[in-house]
Each structure stands twice: as structure tokens, then as C-alpha cells.
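J.: Once you've had a glance at the structure underneath, I'll fire off some questions.
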Amino acid sequence: MDREPIEDVIGRVLTHQTKDGDQELLEIWISESESNRQQFILMKESWDKTRIKIEHPNADELFRKLQSKISLNGTNYRKSKSGWIYGVAASVALLVVSFFFIADFKSEESVLEKPIIETIRKVNPNGQKSRIHLPDGSTVSLNSGSSIEYTLDFNASERIVHLTGEAFFEVKKAAEKPFKVIAGGVVTTALGTSFDVRAFPNAERVYVSLVTGKVSVTNLDTVTQSVGWESILIPGEQLIYHLPTKETSKGPFDFRQMINWKDGVLYFEDTDLKEVVSTLERWFGVNITLKKLPANAPKFSGEFKNESLDNILMALSYSGKIRFTQNDKEIIIECINPK
């Protein structure tokens, strides 16, 4: 079954005329990329500012009313951020006009009175970690460089969290209300359990690591197209989803490497220098420049608990593979004898 155009789904959601599955399809689309999420936020904000009461299902009349509210000048709106937002508003408005015209709605009086569900977003910049208590009593340990989103009615019927980055979830059991984490192209469903999900932007792999209980992991295609895969994890198992190939693998994992970050432990086991650098940037909120990186980047192993960045860099340099210079939050790492 072909996936329905997202424009149709957004039109129904913005006008509160959703049908079964619209909300979930939109949430999935938003989770697919940061660009999609930002685009929807702008579209929603713009429509909220420009929407009007629909008295007659007449596209021409609607267009004239909307035109009086917003600027449709294709040249001017590119000159500033606010103008660009109004350009988006115009697109959204026209989308909704078409939606009303096709659906032939008689009135939107009651629709506009329905409350808009607020979205709550928690963000950790690089160098910051936090522990978040969700409305259902579940807790989230959110890693640095990561964020979560959930709606204000989170515990109403179904518990859905959108994750970018990494978080460890301790889920309060509620069999009648499935707990879902949507991140990096996969959906992890649990009833009452604890698990880690790692899905950083631009990473090639998504990791789901189960500590207690049981979870079901599916890809987004399973939800939207009734095709794909599902995997059940038991404690001590990890699923790895390779985004470029859409292939999965499952097996045991090292708790020190995947879970102990929430207790202030950095653990590297034969880890590529580029991945080490990426982790240190998120962990400490610094910028690191790599120089003279060979084709086969050096690998490092080590465990650091609540150590300073200086001590970690010094320990890495003892390997004889790199040297570093540091100026506040700007660091240069240079490989020694690159081949």
C-alpha cells in the first residue's frame, strides 16, 4: 500500500479533521528527520496565526480571506526569517483551502473550538545530561546532544516519545497504555521495562539495548506500509539497525559500553578515533578538529568515570598515536605518523 501524501495528512491535522491513523503517520514523518520536524513546527505556527472561520466551503472566498491575512509575495518572504515563515504560512493556507474544497466541509465553527494539544520538548545541548520525569511516572536519563518530545496528554491512552540522540528509559508498567519510543527509523514498544535507545543525527546505526523486561522493535515501514520487520528483545539483548542498508542484527551487548554513560562512565573498546572524538564533543560540549587522519583511523580502549576532558585526552595521547593542543573549548588532535 502506497504511503498517503503527507500534505493530506497535515491538512487534516491542522484543521482538526483527522481520520484513523493520521496522528501516528504525522508523528512518524516528523521523526524521520530534523528537517521534517522543523518544517511542521513552522507550518503549525503559521497556520495558527493565519487561520479563520470557515463559513462557506468556497475555495475562492477562502483564498481571498487568507490573502488578506498573509503575504504571498514570492520575492519578499525570502529576505528575512519572519518573511520566510509567512511564505510557509501561505503554502499551508493554500493547502488547507484545497483540503476544505475537496472534502466539502459545511462548517468549521466547532472544529476551531477544539484545543490544540501542546508538545513538550526537552533538549540537552552538548556537555549536558539530565533526568526527566514523564507524566506517567516513567523516567528518562537523557544524554548530551539529545532531545525528547511528547504531548501534554501523554498519559491519556498511548505513551509516545520522540527521541533524537540517546536516552535510557525506565518505564512504569501500564499494560493498557503501550509506551513507544520513535527514533532513527525504528519504533520501540514496551509495557514496563528499562532500555536504552541510541539514534544520533547523521549516525549510520540505531541501537536498542534492553536491560529489564521485554520490548518489541519495528521499523517505520512496518507501521506505514504493513511491511518490514519486528524483533522481540529479552534482557541483555541489543538490536542494531543499519540505516543505509536497512538491515538488522541482534545479539548480546556490553553494558559498560552501552548503558554506563548514564552513571558518568565513558567506555571505549577498540573504538575508532572519529567515534571517540564525536563522543567527547557531545559529552563535554567542545569542538575538536582532527588533523592528519589516516585512512585506517587509530582505535582506542579505555574506561573513564567522571574524568575531566584534560585527563582523557592525556590518557589517549599516552598511546603514542595522537597529540593534542587545547584552547578553551577548541581542541586540535593530530595523528602521529599517519600512513
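Chain identifiers are assigned as A, B, and so on, following the order in which chains appear in the C-alpha cells; residues are numbered from 1 within each chain, and ligands are numbered from 1 in order of appearance.
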Region 173-180 of chain A: which residues within 10 Å, counting only C-alpha atoms, same-chain residues fewer than 6 positions away excluded, as a list in words?

T.: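 Once the adjacent positions are removed, what remains is Asp136, Gly137, Ser138, Phe154, Asn155, Ala156, Ser157, Glu158, Arg159, Ile160, Val161, His162, Val187, Thr188, Thr189, Ala190, Leu191, Gly192, Thr193, Val215, Ser216 and Val217 of chain A.
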
J.: Which residues are near Gln128 (chain A)? Cut-off 10 Å, only C-alpha atoms, ignore same chain within fewer than 5 positions. Put them as a PDB file with N, CA and C atoms, in the first residue's frame.

T.:
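Result file is around-v7.pdb:
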ATOM      1  N   VAL A 123      15.520  19.448  25.774  1.00  0.00           N
ATOM      2  CA  VAL A 123      16.735  19.438  24.958  1.00  0.00           C
ATOM      3  C   VAL A 123      17.975  19.525  25.843  1.00  0.00           C
ATOM      4  N   LEU A 142      18.537  11.444  29.883  1.00  0.00           N
ATOM      5  CA  LEU A 142      18.784  11.990  28.545  1.00  0.00           C
ATOM      6  C   LEU A 142      20.252  12.364  28.399  1.00  0.00           C
ATOM      7  N   ASN A 143      20.889  11.791  27.372  1.00  0.00           N
ATOM      8  CA  ASN A 143      22.313  12.036  27.150  1.00  0.00           C
ATOM      9  C   ASN A 143      22.541  13.431  26.573  1.00  0.00           C
ATOM     10  N   SER A 144      23.783  13.849  26.548  1.00  0.00           N
ATOM     11  CA  SER A 144      24.125  15.139  25.961  1.00  0.00           C
ATOM     12  C   SER A 144      23.914  15.095  24.449  1.00  0.00           C
ATOM     13  N   GLY A 145      23.642  16.255  23.866  1.00  0.00           N
ATOM     14  CA  GLY A 145      23.379  16.316  22.436  1.00  0.00           C
ATOM     15  C   GLY A 145      22.126  15.571  22.034  1.00  0.00           C
ATOM     16  N   SER A 146      21.137  15.514  22.921  1.00  0.00           N
ATOM     17  CA  SER A 146      19.925  14.711  22.676  1.00  0.00           C
ATOM     18  C   SER A 146      18.675  15.498  23.063  1.00  0.00           C
ATOM     19  N   ARG A 282      30.163  15.611  22.225  1.00  0.00           N
ATOM     20  CA  ARG A 282      28.836  15.624  22.861  1.00  0.00           C
ATOM     21  C   ARG A 282      28.965  15.672  24.379  1.00  0.00           C
ATOM     22  N   TRP A 283      29.867  14.862  24.909  1.00  0.00           N
ATOM     23  CA  TRP A 283      29.994  14.683  26.352  1.00  0.00           C
ATOM     24  C   TRP A 283      30.408  15.974  27.049  1.00  0.00           C
ATOM     25  N   PHE A 284      31.368  16.685  26.443  1.00  0.00           N
ATOM     26  CA  PHE A 284      31.928  17.873  27.095  1.00  0.00           C
ATOM     27  C   PHE A 284      31.523  19.194  26.451  1.00  0.00           C
ATOM     28  N   GLY A 285      30.815  19.155  25.323  1.00  0.00           N
ATOM     29  CA  GLY A 285      30.379  20.392  24.684  1.00  0.00           C
ATOM     30  C   GLY A 285      31.532  21.190  24.110  1.00  0.00           C
TER      31      GLY A 285
END

J.: Hey, which of A:Met258, A:Leu313, A:Leu280, A:Ile333 ends up closest to Lys292 (chain A)? Count only C-alpha atoms.

T.: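 Selected residue with least distance to Lys292 (chain A): A:Ile333.
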
J.: State, in Å with one decimal place, the distance from CA of Gln238 (chain A) to CA of Pro201 (chain A).

T.: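 Between CA of Gln238 (chain A) and CA of Pro201 (chain A) the gap is 19.6 Å.
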